[in-house]
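S.K.: Got upload-v3.txt for you, compact mmCIF, C-alpha atoms and all ligand atoms:
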```txt
# COMPACT_ATOMS: atom_id res chain seq x y z
CA MET A 129 -93.90 15.43 -2.19
CA ARG A 130 -95.52 13.70 0.73
CA ILE A 131 -95.10 15.20 4.18
CA GLN A 132 -95.81 12.45 6.61
CA ASN A 133 -96.82 12.65 10.20
CA TYR A 134 -93.46 13.04 11.78
CA PRO A 135 -92.83 12.48 15.46
CA ARG A 136 -92.04 15.88 16.97
CA PRO A 137 -89.77 17.59 17.54
CA VAL A 138 -88.22 17.34 14.11
CA VAL A 139 -84.47 17.75 14.68
CA ALA A 140 -82.26 18.56 11.71
CA VAL A 141 -78.48 18.40 11.86
CA LEU A 142 -76.59 20.73 9.54
CA LEU A 143 -73.40 19.11 8.21
CA ARG A 144 -70.65 20.00 5.81
CA ARG A 145 -71.14 18.67 2.29
CA GLU A 146 -68.20 16.23 2.63
CA ILE A 147 -69.68 14.62 5.73
CA LEU A 148 -73.00 14.25 3.98
CA ILE A 149 -71.32 12.62 0.99
CA ASN A 150 -69.86 10.09 3.41
CA LEU A 151 -73.34 9.41 4.69
CA GLN A 152 -74.51 8.87 1.11
CA LYS A 153 -71.74 6.31 0.74
CA GLN A 154 -72.87 4.85 4.06
CA ILE A 155 -69.54 5.72 5.68
CA ASN A 156 -70.66 6.48 9.17
CA GLN A 157 -68.94 9.08 11.34
CA SER A 158 -68.93 7.85 14.90
CA TRP A 159 -70.67 10.83 16.47
CA ILE A 160 -73.50 10.57 13.94
CA HIS A 161 -73.83 6.94 14.79
CA TYR A 162 -74.25 7.85 18.49
CA LEU A 163 -76.99 10.34 17.64
CA VAL A 164 -78.82 7.75 15.56
CA GLU A 165 -78.48 5.17 18.30
CA ALA A 166 -79.67 7.55 21.02
CA ASN A 167 -82.64 8.57 18.89
CA GLN A 168 -83.88 5.02 18.88
CA VAL A 169 -84.70 5.62 22.52
CA VAL A 170 -85.67 9.29 22.38
CA ASN A 171 -87.76 8.95 19.21
CA ASN A 172 -87.57 12.41 17.72
CA THR A 173 -87.53 12.81 13.96
CA LEU A 174 -83.84 13.11 13.18
CA TYR A 175 -82.32 13.92 9.82
CA PHE A 176 -79.00 15.19 8.44
CA PHE A 177 -78.54 17.65 5.62
CA SER A 178 -76.17 20.17 4.10
CA ILE A 179 -77.09 23.76 3.37
CA GLY A 180 -77.33 23.26 -0.42
CA ASP A 181 -80.27 20.90 0.11
CA VAL A 182 -82.61 23.49 1.61
CA ASN A 183 -85.60 24.48 -0.49
CA LEU A 184 -86.92 27.61 1.17
CA ALA A 185 -89.70 28.19 -1.35
CA ALA A 186 -91.20 24.76 -0.74
CA LYS A 187 -90.18 24.86 2.94
CA THR A 188 -88.57 21.45 2.65
CA ILE A 189 -85.11 20.01 3.08
CA LYS A 190 -83.67 17.03 1.30
CA GLY A 191 -82.17 15.12 4.18
CA TYR A 192 -80.87 11.73 5.18
CA TYR A 193 -82.28 9.61 7.95
CA TRP A 194 -81.32 6.25 9.32
CA HIS A 195 -83.55 3.49 8.05
CA GLN A 196 -83.58 0.98 10.85
CA ARG A 197 -84.85 -2.02 8.89
CA ARG A 198 -82.59 -1.45 5.89
CA GLN A 199 -79.70 -0.48 8.18
CA LYS A 200 -78.65 2.41 5.99
CA PHE A 201 -79.07 6.14 5.41
CA VAL A 202 -81.91 6.97 3.07
CA GLN A 203 -82.72 10.29 1.43
CA GLN A 204 -86.11 11.95 1.74
CA ASP A 205 -87.80 15.35 1.74
CA PHE A 206 -88.41 16.61 5.24
CA PRO A 207 -90.25 19.60 6.68
CA LEU A 208 -88.19 22.45 8.16
CA PRO A 209 -87.10 21.46 11.64
CA ASP A 210 -88.41 22.43 15.08
CA VAL A 211 -84.82 22.31 16.27
CA LEU A 212 -81.90 23.07 14.01
CA TYR A 213 -78.62 21.69 15.37
CA VAL A 214 -75.71 23.36 13.58
CA ARG A 215 -72.70 21.04 13.53
CA SER A 216 -70.65 22.43 10.66
CA GLY A 217 -69.85 25.63 8.87
CA PHE A 218 -70.57 26.13 5.17
CA ASN A 219 -69.39 28.03 2.15
CA LYS A 220 -69.94 31.81 2.37
CA ARG A 221 -72.18 31.80 -0.68
CA TYR A 222 -74.83 30.06 1.43
CA THR A 223 -74.90 32.70 4.17
CA LYS A 224 -78.20 34.08 2.93
CA THR A 225 -79.82 30.65 2.71
CA TYR A 226 -78.62 29.92 6.21
CA ARG A 227 -79.98 33.20 7.57
CA ASN A 228 -83.34 32.63 5.91
CA LEU A 229 -83.47 29.08 7.19
CA CYS A 230 -82.86 30.26 10.77
CA GLN A 231 -85.53 32.89 10.30
CA GLU A 232 -88.05 30.30 9.09
CA VAL A 233 -87.27 28.02 12.02
CA ARG A 234 -87.78 30.86 14.47
CA LYS A 235 -90.96 31.96 12.72
CA LYS A 236 -92.51 28.62 13.55
CA LYS A 237 -91.28 29.06 17.13
CA GLY A 238 -88.51 26.56 16.61
CA HIS A 239 -84.96 26.78 17.95
CA VAL A 240 -81.49 27.06 16.52
CA ILE A 241 -78.95 25.38 18.76
CA THR A 242 -75.18 25.56 18.59
CA HIS A 243 -74.99 28.53 16.31
CA TYR A 244 -71.76 30.49 16.01
CA THR A 245 -68.23 29.24 16.31
CA PHE A 246 -66.41 31.25 18.92
CA ASN A 247 -63.86 33.89 18.09
CA LYS A 248 -61.31 33.93 20.93
CA TRP A 249 -60.96 37.71 21.03
CA ARG A 250 -64.70 38.30 20.98
CA LEU A 251 -65.10 35.67 23.71
CA TYR A 252 -62.65 37.50 25.89
CA GLN A 253 -64.52 40.76 25.38
CA VAL A 254 -67.86 39.14 26.18
CA LEU A 255 -66.71 37.26 29.28
CA SER A 256 -64.75 40.18 30.70
CA GLN A 257 -68.03 42.13 30.95
CA ASN A 258 -69.05 39.78 33.71
CA PRO A 259 -67.51 40.73 37.07
CA VAL A 260 -67.56 37.13 38.34
CA LEU A 261 -66.00 35.66 35.22
CA LYS A 262 -63.41 38.38 34.81
CA LYS A 263 -61.28 36.94 37.57
CA TYR A 264 -60.85 33.69 35.62
CA LEU A 265 -59.49 35.41 32.53
CA PRO A 266 -55.80 35.82 31.74
CA ALA A 267 -55.01 39.39 30.63
CA THR A 268 -55.59 39.53 26.87
CA ARG A 269 -55.36 42.08 24.09
CA THR A 270 -55.58 41.89 20.35
CA VAL A 271 -52.37 42.70 18.49
CA GLU A 272 -52.49 45.71 16.21
CA GLN A 273 -48.84 46.74 16.39
CA ALA A 274 -45.50 45.58 17.77
CA ASP A 275 -45.94 47.84 20.77
CA ASP A 276 -48.88 45.71 21.98
CA ILE A 277 -46.48 42.79 22.21
CA ALA A 278 -43.77 44.86 23.89
CA LYS A 279 -46.21 46.04 26.57
CA MET A 280 -47.39 42.53 27.39
CA LEU A 281 -43.82 41.23 27.56
CA GLN A 282 -42.95 43.97 30.05
CA LYS A 283 -45.71 42.66 32.31
CA TYR A 284 -45.52 38.91 31.77
CA LYS A 285 -42.47 36.72 31.29
CA THR A 286 -44.50 34.15 29.41
CA VAL A 287 -47.18 35.05 26.89
CA TYR A 288 -49.33 33.08 24.48
CA LEU A 289 -50.22 34.39 21.04
CA LYS A 290 -53.15 32.87 19.19
CA THR A 291 -55.25 33.54 16.12
CA HIS A 292 -58.71 34.92 16.85
CA ILE A 293 -60.14 31.82 15.28
CA GLY A 294 -58.19 28.60 15.53
CA ARG A 295 -58.28 25.02 16.66
CA LYS A 296 -56.23 21.99 17.61
CA GLY A 297 -53.49 24.17 19.03
CA GLU A 298 -52.21 24.80 15.49
CA SER A 299 -52.18 28.58 15.75
CA VAL A 300 -50.78 28.93 19.25
CA LEU A 301 -47.32 30.38 19.85
CA ARG A 302 -45.71 30.63 23.28
CA VAL A 303 -43.06 33.28 23.89
CA ARG A 304 -40.86 33.31 26.98
CA THR A 305 -38.40 36.00 28.01
CA MET A 306 -35.05 34.41 28.87
CA PRO A 307 -32.73 35.73 31.59
CA ASP A 308 -30.23 37.07 28.98
CA GLY A 309 -32.95 39.10 27.20
CA SER A 310 -33.43 36.68 24.32
CA TYR A 311 -36.79 35.03 23.65
CA GLN A 312 -37.85 31.42 23.38
CA CYS A 313 -40.64 30.72 20.88
CA SER A 314 -42.40 27.40 20.79
CA ASN A 315 -45.33 25.84 19.02
CA PHE A 316 -46.70 22.43 18.24
CA ARG A 317 -47.93 21.86 14.71
CA ASN A 318 -48.48 18.79 12.54
CA GLY A 319 -47.27 16.50 15.30
CA GLN A 320 -44.04 18.49 15.54
CA LEU A 321 -42.71 20.43 18.53
CA ASP A 322 -40.74 23.46 17.39
CA ILE A 323 -38.67 25.42 19.91
CA LYS A 324 -36.32 28.22 18.92
CA ILE A 325 -34.44 31.08 20.52
CA VAL A 326 -34.39 34.54 18.94
CA PRO A 327 -31.82 37.06 20.15
CA ASP A 328 -33.83 40.29 20.38
CA PHE A 329 -37.22 41.97 20.11
CA GLN A 330 -36.88 42.90 16.41
CA THR A 331 -36.21 39.29 15.45
CA LEU A 332 -39.06 38.18 17.68
CA ILE A 333 -41.49 40.43 15.84
CA MET A 334 -40.31 39.01 12.51
CA GLU A 335 -40.77 35.51 13.85
CA ILE A 336 -44.29 36.30 15.08
CA ARG A 337 -45.33 37.96 11.82
CA ASN A 338 -44.03 34.99 9.93
CA PHE A 339 -45.99 32.63 12.15
CA PHE A 340 -49.33 34.43 11.85
CA GLN A 341 -48.99 35.82 8.31
CA HIS A 342 -52.10 37.87 7.50
CA LYS A 343 -54.29 36.39 10.27
CA LYS A 344 -55.63 38.40 13.20
CA TYR A 345 -54.21 37.30 16.53
CA LEU A 346 -54.23 38.11 20.20
CA ILE A 347 -51.66 38.08 22.97
CA GLN A 348 -52.38 36.66 26.38
CA GLU A 349 -50.77 36.36 29.79
CA GLY A 350 -49.25 32.88 30.12
CA ILE A 351 -51.07 30.76 32.67
CA GLN A 352 -48.71 28.66 34.74
CA LEU A 353 -50.01 25.24 33.71
CA LEU A 354 -49.58 22.33 36.08
CA GLN A 355 -46.73 20.07 35.01
CA PHE A 356 -46.48 16.33 35.28
CA GLU A 357 -43.13 14.79 34.30
CA ASN A 358 -42.40 17.85 32.15
CA ARG A 359 -45.76 17.55 30.47
CA PRO A 360 -48.16 20.52 30.61
CA VAL A 361 -51.62 19.78 32.01
CA ASP A 362 -54.94 21.53 31.53
CA LEU A 363 -58.59 20.51 31.53
CA ARG A 364 -61.41 20.12 29.08
CA ALA A 365 -65.02 19.96 30.22
CA GLU A 366 -67.91 18.90 28.03
CA VAL A 367 -70.90 20.84 29.28
CA GLN A 368 -74.49 20.42 28.08
CA TYR A 369 -78.12 20.89 28.96
CA ASP A 370 -80.11 17.76 29.64
CA GLY A 371 -83.76 16.88 29.04
CA ASP A 372 -84.84 19.07 31.98
CA GLY A 373 -82.90 22.07 30.74
CA LYS A 374 -80.38 21.63 33.56
CA VAL A 375 -76.64 21.92 33.13
CA ASP A 376 -74.98 18.52 32.85
CA ILE A 377 -71.21 18.37 33.13
CA LEU A 378 -70.67 15.23 31.17
CA GLY A 379 -67.01 14.75 31.83
CA ILE A 380 -63.92 16.71 32.72
CA SER A 381 -60.72 15.38 31.25
CA ALA A 382 -57.21 16.24 32.34
CA ARG A 383 -55.09 16.60 29.22
CA LEU A 384 -51.39 15.88 29.35
CA GLY A 385 -49.41 17.35 26.48
CA ARG A 386 -46.19 16.02 25.02
CA PRO A 387 -43.06 16.70 27.11
CA LEU A 388 -41.95 20.38 26.87
CA SER A 389 -44.86 21.26 24.59
CA PRO A 390 -46.49 24.66 25.09
CA ILE A 391 -49.94 23.09 24.59
CA THR A 392 -51.75 20.08 26.04
CA THR A 393 -53.51 19.14 22.82
CA HIS A 394 -52.42 15.90 21.06
CA GLY A 395 -51.39 14.11 24.23
CA ASP A 396 -53.17 11.82 26.65
CA ALA A 397 -56.30 12.39 28.66
CA CYS A 398 -57.59 10.92 31.88
CA LYS A 399 -60.53 11.44 34.20
CA PHE A 400 -60.54 14.54 36.39
CA GLU A 401 -60.64 12.56 39.64
CA ASP A 402 -57.95 10.10 38.52
CA PHE A 403 -55.60 12.92 37.75
CA PHE A 404 -55.98 14.79 41.03
CA LEU A 405 -56.12 11.67 43.25
CA ASN A 406 -53.57 9.44 41.56
CA TYR A 407 -51.17 11.76 39.77
CA LEU A 408 -51.18 14.73 42.11
CA GLY A 409 -51.97 12.91 45.36
CA TYR A 410 -54.99 15.02 46.37
CA THR A 411 -57.06 13.75 49.29
CA ARG A 412 -60.75 13.00 48.66
CA GLU A 413 -61.64 16.13 50.59
CA GLN A 414 -59.35 18.34 48.49
CA LEU A 415 -60.76 16.77 45.35
CA GLU A 416 -64.38 17.44 46.34
CA LYS A 417 -63.61 21.04 47.25
CA LEU A 418 -61.95 21.54 43.85
CA ARG A 419 -64.80 19.78 42.06
CA ALA A 420 -67.35 22.10 43.69
CA ASP A 421 -65.38 25.19 42.61
CA VAL A 422 -64.97 23.83 39.09
CA TYR A 423 -68.71 23.11 38.78
CA VAL A 424 -69.64 26.64 39.81
CA PHE A 425 -67.09 28.03 37.36
CA LEU A 426 -68.26 25.87 34.42
CA THR A 427 -71.95 26.44 35.05
CA THR A 428 -71.44 30.19 35.23
CA VAL A 429 -69.46 30.25 32.00
CA TYR A 430 -71.98 28.04 30.17
CA ASP A 431 -75.04 30.00 31.26
CA TYR A 432 -73.38 33.32 30.52
CA LEU A 433 -72.41 32.21 27.03
CA GLN A 434 -76.03 31.26 26.29
CA LYS A 435 -77.17 34.70 27.34
CA ASN A 436 -74.77 36.35 24.94
CA TYR A 437 -74.58 34.01 21.98
CA GLY A 438 -77.84 32.04 21.95
CA ARG A 439 -78.58 28.42 22.74
CA TYR A 440 -75.89 25.78 22.70
CA ALA A 441 -76.69 22.10 23.13
CA GLU A 442 -73.10 21.59 24.19
CA ILE A 443 -69.89 23.53 24.71
CA GLY A 444 -66.39 22.22 25.26
CA ILE A 445 -64.66 24.46 27.79
CA ASP A 446 -60.86 24.55 28.05
CA PHE A 447 -59.54 25.71 31.40
CA ALA A 448 -56.56 25.33 33.67
CA ILE A 449 -55.61 25.18 37.31
CA ASP A 450 -52.34 26.77 38.31
CA PRO A 451 -50.08 25.61 41.16
CA ASN A 452 -51.86 28.08 43.50
CA HIS A 453 -55.18 26.34 42.74
CA HIS A 454 -56.48 29.32 40.81
CA LEU A 455 -58.87 28.46 37.97
CA TRP A 456 -58.34 30.02 34.54
CA PHE A 457 -60.62 30.10 31.54
CA ILE A 458 -58.78 29.32 28.27
CA GLU A 459 -61.44 29.07 25.56
CA ALA A 460 -64.80 27.65 24.58
CA ASN A 461 -65.47 25.33 21.65
CA SER A 462 -68.88 25.25 20.02
CA ARG A 463 -68.19 22.12 18.01
CA SER A 464 -66.05 19.99 20.19
CA THR A 465 -64.73 16.80 18.63
CA LYS A 466 -64.75 15.28 22.15
CA VAL A 467 -61.47 13.47 21.61
CA SER A 468 -60.44 13.87 25.25
CA LEU A 469 -63.88 12.87 26.50
CA GLN A 470 -63.65 9.62 24.61
CA LYS A 471 -60.05 8.99 25.72
CA ALA A 472 -60.91 9.55 29.39
CA TYR A 473 -64.51 8.42 29.72
CA GLY A 474 -65.06 6.01 26.82
CA LYS A 475 -67.96 5.50 24.44
CA ALA A 476 -70.69 5.58 27.08
CA ALA A 477 -70.00 9.30 27.54
CA LEU A 478 -70.37 9.95 23.80
CA TYR A 479 -73.66 8.13 23.77
CA LYS A 480 -74.88 10.16 26.73
CA ASN A 481 -73.76 13.32 24.95
CA SER A 482 -75.97 12.47 21.97
CA LYS A 483 -78.90 11.51 24.16
CA ASN A 484 -78.68 14.81 26.01
CA ILE A 485 -78.80 16.74 22.74
CA LEU A 486 -81.96 14.96 21.61
CA ASN A 487 -83.58 15.25 25.04
CA TYR A 488 -82.69 18.91 25.20
CA ALA A 489 -84.35 19.41 21.79
CA ASN A 490 -87.42 17.75 23.29
CA TYR A 491 -87.30 20.00 26.31
CA LEU A 492 -87.13 23.11 24.13
CA TYR A 493 -89.96 21.94 21.95
CA LYS A 494 -92.28 21.04 24.80
CA ARG A 495 -91.77 23.92 27.15
CA PRO A 496 -94.16 26.86 26.99
CA LYS A 497 -93.21 29.32 24.27
CA ARG A 498 -91.85 32.65 25.32
CA SER A 499 -90.59 35.41 23.13
CA GLY A 500 -87.06 36.09 24.32
CA LYS A 501 -84.63 37.88 22.11
CA VAL A 502 -80.98 37.00 21.93
CA VAL A 503 -78.67 39.64 20.58
CA ALA A 504 -76.26 38.20 18.04
CA PRO A 505 -72.57 38.83 18.79
N1 LIG B 601 -52.77 31.82 28.12
C1 LIG B 601 -52.34 30.55 28.14
N2 LIG B 601 -51.51 30.12 29.11
C2 LIG B 601 -51.07 28.83 29.13
N3 LIG B 601 -51.42 27.91 28.22
C3 LIG B 601 -52.23 28.28 27.23
C4 LIG B 601 -52.73 29.62 27.13
N4 LIG B 601 -53.51 29.68 26.02
C5 LIG B 601 -53.48 28.45 25.47
N5 LIG B 601 -52.73 27.59 26.17
C6 LIG B 601 -52.45 26.18 25.86
O1 LIG B 601 -52.65 25.98 24.48
C7 LIG B 601 -53.74 25.09 24.24
C8 LIG B 601 -54.50 25.51 23.00
O2 LIG B 601 -55.02 26.82 23.18
P1 LIG B 601 -56.53 27.15 22.87
O3 LIG B 601 -56.77 28.58 23.25
O4 LIG B 601 -57.41 26.14 23.49
O5 LIG B 601 -56.57 27.07 21.28
P2 LIG B 601 -57.13 25.94 20.28
O6 LIG B 601 -58.36 26.55 19.72
O7 LIG B 601 -56.07 25.78 19.26
O8 LIG B 601 -57.41 24.71 21.08
C9 LIG B 601 -54.56 25.14 25.53
O9 LIG B 601 -55.33 23.97 25.71
C10 LIG B 601 -53.46 25.27 26.56
O10 LIG B 601 -52.84 24.03 26.80
MG MG B 602 -58.56 24.56 22.81
```
What do you get writing this file as structure tokens?
Ligand SMILES: Nc1ncnc2c1ncn2[C@@H]1O[C@H](COP(=O)(O)OP(=O)(O)O)[C@@H](O)[C@H]1O
Ligand SMILES: [Mg+2]
M.R.:
Amino acid sequence: MRIQNYPRPVVAVLLRREILINLQKQINQSWIHYLVEANQVVNNTLYFFSIGDVNLAAKTIKGYYWHQRRQKFVQQDFPLPDVLYVRSGFNKRYTKTYRNLCQEVRKKKGHVITHYTFNKWRLYQVLSQNPVLKKYLPATRTVEQADDIAKMLQKYKTVYLKTHIGRKGESVLRVRTMPDGSYQCSNFRNGQLDIKIVPDFQTLIMEIRNFFQHKKYLIQEGIQLLQFENRPVDLRAEVQYDGDGKVDILGISARLGRPLSPITTHGDACKFEDFFLNYLGYTREQLEKLRADVYVFLTTVYDYLQKNYGRYAEIGIDFAIDPNHHLWFIEANSRSTKVSLQKAYGKAALYKNSKNILNYANYLYKRPKRSGKVVAP
């Protein structure tokens, strides 16, 4: 094997096997395409691989890179990276390989970015340790027994139940107490809004158990989401570090769910300023005041997450504003698909997102080495 003189930093992107197979077949995923395109300007060494292609003994990885002249992905042996960008999970049987790989990267004073996926319950526990962030969190507890649900329903008329780990709004159930003592349960799954009424607490518990099956889930105070023409509204921010290691809030999208849906996912998205100026009739001054508050909130969350979980090149933060202008944290996504960002801000934002990641890798590589220890969650 020939290890060439690679431009540094060497950035490796860990992908799921299926995505890599698509690369082999030259089926290009759009976000990969943006990374490749941005790298033509940034000029790092950039390759893609899946965990089964790591050879720890030889300290090499069989990866794919974009061959500019041939206009296709080509396979080659690469050295272990200076920056490992983790974009996908992998089969449990590779946990040890993954651990050893991270260890090797750190041994050569490299960096692992975008490490763990977030568990919603753990996130709540971590963020609630911070006195500033605590005030943005809806009351939350994990459900061990029916009594946990009963207690929350005594306090809050509307609650949200969610699996500890979940995405796309698929494992979110809203429960509302009705004036006659019955309960309304609603969820949005597979493009389908499902709303039903159950007569009493016993039936509610059965309904909830049926919904979550064996999965662990939490219960949370319902945030009063803004409504526009019966559609719930919340916000998604894509937050990153740039090439100077500064926080860059790439775009904040207002997400409008389907009418009567408990969640805003799978609807439309528009720019933050368009929503508050044009839909809600904010003045410029009101908008700027809100924007300043939102920036402080997002920056605090992003920096605090890095302190507790390690480095993230990007995090998608879900949050809401209630009718009293109070900001609420909903969740953080380590591997955002950036659907709303693209809907609201177009392709230029996705390109900038990729460029930031590569520039941030550069920043990490070039800055003086320090030995800081991050405690894994
Ligand atoms: N406590 C809550 N109060 C009001 N709405 C909520 C609450 N939790 C979740 N939602 C709604 O459900 C959506 C999905 O919940 P989220 O926690 O982001 O899970 P997922 O990982 O499935 O995206 C949110 O974007 C929001 O619209
Ligand atoms: Mg979400």
S.K.: Counting only C-alpha atoms, what is within 6 Å of segment 174-180 of chain A, bar same-chain residues fewer than 5 positions away, as an NGL selection string?
M.R.: :A and (139-145 or 191-193)
S.K.: To one decimal place in Å, what is the distance between atom CA of Leu332 of chain A and atom CA of Tyr311 of chain A?
M.R.: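 According to the coordinates, atom CA of Leu332 of chain A and atom CA of Tyr311 of chain A are separated by 7.1 Å.
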S.K.: Please check which protein, DNA or RNA residues sit within 12 Å of ligand MG 602 (chain B), counting all atoms listed in the file, and write them as number ranges by chain.
M.R.: A: 246-248, 290-300, 362-365, 383, 391-394, 443-448, 457-468
S.K.: Given 4 Å on each side, where is the centre and what are the edge lengths in Å to one decimal of the axis-aligned box enclosing the listed atoms of segment 399-412 of chain A, as JSON?
M.R.:
```
{"center_x": -56.0, "center_y": 12.2, "center_z": 41.7, "size_x": 17.6, "size_y": 13.6, "size_z": 23.1}
```
S.K.: So, with all atoms listed in the file as the atoms that count, which of A:Ala185, A:Leu148, A:Cys313, A:Leu354 lies closest to ligand LIG 601 (chain B)?
M.R.: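 Closest to ligand LIG 601 (chain B) of all the choices is A:Leu354.
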S.K.: Under the rule that only C-alpha atoms and all ligand atoms are counted, which of A:Val233, A:Ile351, A:Ile155, A:Val182 is the nearest residue to ligand LIG 601 (chain B)?
M.R.: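 Selected residue with least distance to ligand LIG 601 (chain B): A:Ile351.
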S.K.: Atom CA of Asn358 of chain A to atom CA of Ala267 of chain A: how many Å, to one decimal?
M.R.: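 Rounded to one decimal, the two atoms are 25.0 Å apart.
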S.K.: Can you tell me, as a ChimeraX atom specification, what residues are no more than 9 Å from Ala166 of chain A when counting all atoms listed in the file, ignoring any on the same chain fewer than 2 positions away?
M.R.: /A:161-164,168-171,479-480,482-484,486
S.K.: Name the closest residue to ligand LIG 601 (chain B) among the candidates A:Gly373, A:Gly319, A:Pro135, A:Pro266; distances are taken between atoms, counting all atoms listed in the file.
M.R.: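 Of the candidates, the smallest distance to ligand LIG 601 (chain B) is held by A:Pro266.
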S.K.: Please compute the atom CA of Ala382 of chain A-atom CA of Gln253 of chain A distance, one decimal, in Å.
M.R.: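 Computing it gives 26.5 Å between the two atoms.
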S.K.: Which residue, A:Arg215, A:Lys435, A:Arg221, A:Arg317, has the smallest gap to ligand LIG 601 (chain B) when you use only C-alpha atoms and all ligand atoms?
M.R.: A:Arg317
S.K.: Tell me which protein, DNA and RNA residues are within 10 Å of Lys200 of chain A, counting all atoms listed in the file, leaving out same-chain ones fewer than 3 positions away, and put them as a CSV table (one decimal) with C-alpha atoms, in the coordinates of the input.
M.R.:
```csv
chain,number,residue,atom,x,y,z
A,151,LEU,CA,-73.3,9.4,4.7
A,152,GLN,CA,-74.5,8.9,1.1
A,153,LYS,CA,-71.7,6.3,0.7
A,154,GLN,CA,-72.9,4.8,4.1
A,155,ILE,CA,-69.5,5.7,5.7
A,156,ASN,CA,-70.7,6.5,9.2
A,192,TYR,CA,-80.9,11.7,5.2
A,193,TYR,CA,-82.3,9.6,8.0
A,194,TRP,CA,-81.3,6.2,9.3
A,195,HIS,CA,-83.6,3.5,8.0
A,196,GLN,CA,-83.6,1.0,10.8
A,197,ARG,CA,-84.8,-2.0,8.9
A,203,GLN,CA,-82.7,10.3,1.4
```
S.K.: With all atoms listed in the file as the counted atoms, please give the residues lying no more than 9 Å from Gln312 of chain A, apart from itself and same-chain residues fewer than 4 positions off, as a PyMOL selection string.
M.R.: chain A and resi 302-306+323-327+332
S.K.: Counting all atoms listed in the file, which residues have an atom no more than 12 Å from (-67.8, 39.5, 31.4) in the file's coordinates? Please list them as JSON, numbers by chain.
M.R.: {"A": [250, 251, 252, 253, 254, 255, 256, 257, 258, 259, 260, 261, 262, 263, 264, 265, 428, 429, 431, 432, 433, 435, 436, 457]}
S.K.: Of the residues A:Asp205, A:Glu232, A:Asp396, A:Glu442, which is the one nearest to Val367 of chain A, using all atoms listed in the file?
M.R.: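 Closest residue, counting all atoms listed in the file: A:Glu442.
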S.K.: Please determine, counting all atoms listed in the file, which residue among A:Ala420, A:Leu301, A:Leu405, A:Cys398 has the shortest atom-to-atom distance to ligand LIG 601 (chain B).
M.R.: A:Leu301
S.K.: Place a sphere of radius 10 Å on (-84.5, 27.8, 4.7) in the file coordinates and name every protein, DNA or RNA residue with an atom inside or on its surface, counting all atoms listed in the file; give the answer as a list of chain:residue names.
M.R.: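 All residues meeting the 10 Å criterion around (-84.5, 27.8, 4.7) are A:Ile179, A:Gly180, A:Asp181, A:Val182, A:Asn183, A:Leu184, A:Ala185, A:Ala186, A:Lys187, A:Thr188, A:Ile189, A:Leu208, A:Pro209, A:Lys224, A:Thr225, A:Tyr226, A:Arg227, A:Asn228, A:Leu229, A:Cys230, A:Gln231, A:Glu232, A:Val233.
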S.K.: Which neighbours of segment 416-418 of chain A fall inside 12 Å, counting all atoms listed in the file, when residues of the same chain fewer than 3 positions from it are skipped, and could you give them as a PyMOL selection string?
M.R.: chain A and resi 400-401+404-405+410-413+421-425+449+453-455
